[in-house]
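Participant: There's a structure below that I have some questions on.
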Amino acid sequence: MTKKLTVLGMLSISLFSFAQQKFSIIPSVGYAWRTAEIPKGISSEQKDYLKGLKSGVNFDISAYYHLKNEFAIGLKYSNYSASSSARLIFQDVNGSFYSGNINTKDHITFFGPSVMYSNYNEDIKHKLFADLGLGVISYVTKTGTVKGTGSSFGMEANFGYQYALTKNFFMGPKVGFTAGTLTKMKFNGQVVDFEDNQREGLHRVSLSAAATFRF
């Protein structure tokens, strides 16, 4: 009986060790900057208001299954959040001017399959990884009672360096790039098609702290 328990224990340890090499979960949090240009010919107040929406908190999480080589396949999700408030001057259809407070909250999400290349399986402290995901990028913006939504094909790529604090836990900085463009959006249920020079660019770059948990 003791021998059987010993064998079972050694088998369990072997299976657990094997499992530790097959799965990685990589959450990260940091800051991101949207790269779309601010329209020209607008007031300084409008520029400051738009600048507030061009940077915000960036969070993402990926889950990967490692193949026998340096590659892994999995899923990726990311979320960008920004908000801005201002008191702006508007002109109505009759040509009259009035001022009012405005507050906008933006969210850009990405979700899709991804592939990663890494040296996670190497017995070294310094870890490198690069991944690429293709999927759906979605945009939600809300200003007062007006809500705009839209989605399109998107791409997300990341490159990171991490230090192995333990065999199954790494941590370090990561830079990322997200891309996507909307040709139309829906505002309070009404679809609006954009001209070529008015398309909503969702591109952004990010700098984050990324942790890897291996199982």
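Each chain of the structure tokens is named A, B, ... in the order shown, its residues numbered from 1; ligands are numbered from 1 in display order.
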Leaving out Thr35 (chain A) and any residue of its chain fewer than 6 positions from it, which residues lie within 12 Å of it when counting only C-alpha atoms, given as a PyMOL selection string?
Facilitator: chain A and resi 51+53-55+177-181+200-206
Participant: Would you kindly return, as a list in words, each protein, DNA or RNA residue with an atom no farther than 9 Å from any atom of Leu88 (chain A), considering only C-alpha atoms and excluding same-chain residues fewer than 5 positions away?
Facilitator: Glu45, Gln46, Tyr49, Tyr98, Ser99, Gly100, Asn101 and Ile102 of chain A
Participant: Take the residues that were just selected and, keeping N, CA and C atoms, output them as an mmCIF file, in the first residue's frame.
Facilitator:
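Output below, filename result_34.cif:
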```cif
data_model
loop_
_atom_site.group_PDB
_atom_site.id
_atom_site.type_symbol
_atom_site.label_atom_id
_atom_site.label_comp_id
_atom_site.auth_asym_id
_atom_site.auth_seq_id
_atom_site.Cartn_x
_atom_site.Cartn_y
_atom_site.Cartn_z
ATOM 1 N N GLU A 45 -10.619 75.359 -25.687
ATOM 2 C CA GLU A 45 -11.427 74.600 -24.732
ATOM 3 C C GLU A 45 -11.815 73.242 -25.302
ATOM 4 N N GLN A 46 -12.164 73.232 -26.588
ATOM 5 C CA GLN A 46 -12.504 71.968 -27.221
ATOM 6 C C GLN A 46 -11.295 71.040 -27.322
ATOM 7 N N TYR A 49 -10.697 69.491 -23.968
ATOM 8 C CA TYR A 49 -11.724 68.482 -23.717
ATOM 9 C C TYR A 49 -11.392 67.183 -24.455
ATOM 10 N N TYR A 98 -24.626 79.462 -27.116
ATOM 11 C CA TYR A 98 -24.905 79.198 -25.711
ATOM 12 C C TYR A 98 -23.807 78.300 -25.163
ATOM 13 N N SER A 99 -23.650 78.297 -23.849
ATOM 14 C CA SER A 99 -22.614 77.486 -23.207
ATOM 15 C C SER A 99 -23.255 76.436 -22.320
ATOM 16 N N GLY A 100 -22.537 75.358 -22.119
ATOM 17 C CA GLY A 100 -23.060 74.294 -21.275
ATOM 18 C C GLY A 100 -21.958 73.348 -20.844
ATOM 19 N N ASN A 101 -22.215 72.661 -19.752
ATOM 20 C CA ASN A 101 -21.266 71.669 -19.262
ATOM 21 C C ASN A 101 -21.435 70.365 -20.036
ATOM 22 N N ILE A 102 -20.328 69.717 -20.309
ATOM 23 C CA ILE A 102 -20.343 68.463 -21.047
ATOM 24 C C ILE A 102 -19.415 67.470 -20.383
#
```
Participant: Fewer than 6 positions away in the same chain doesn't count, so skip those; otherwise give me all residues within 6 Å of Val175 (chain A), counting only C-alpha atoms, as a ChimeraX atom specification.
Facilitator: /A:158-159,206-207
Participant: Go ahead and compute the interatomic distance for CA of Thr143 (chain A) and CA of Asn103 (chain A), in Å to one decimal.
Facilitator: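 Interatomic distance, CA of Thr143 (chain A) to CA of Asn103 (chain A): 5.7 Å.
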Participant: Pick the closest to Tyr161 (chain A) from A:Thr212, A:Asn188, A:Gln198, A:Thr183: which is it, counting only C-alpha atoms?
Facilitator: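 Checking each of A:Thr212, A:Asn188, A:Gln198, A:Thr183 against Tyr161 (chain A), counting only C-alpha atoms, the winner is A:Thr212.
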Participant: If you run DSSP on the backbone here, which positions in chain A get alpha helix (DSSP H)? Please write them as number ranges by chain.
Facilitator: A: 2-20, 44-53
Participant: Can you tell me how far CA of Asn197 (chain A) sits from CA of Tyr77 (chain A), in Å to one decimal?
Facilitator: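 Atom-to-atom, CA of Asn197 (chain A) and CA of Tyr77 (chain A) are spaced 28.8 Å apart.
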Participant: Using only C-alpha atoms, pick whichever of A:Phe170, A:Tyr80, A:Phe153, A:Tyr65 has the shortest atom-to-atom distance to Tyr31 (chain A).
Facilitator: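 Under the stated criterion, the closest residue is A:Tyr80.
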Participant: Please give the complete set of residues from chain A that DSSP, run on the backbone, assigns to strand (DSSP E or B), formatted as a count of residues only.
Facilitator: 141
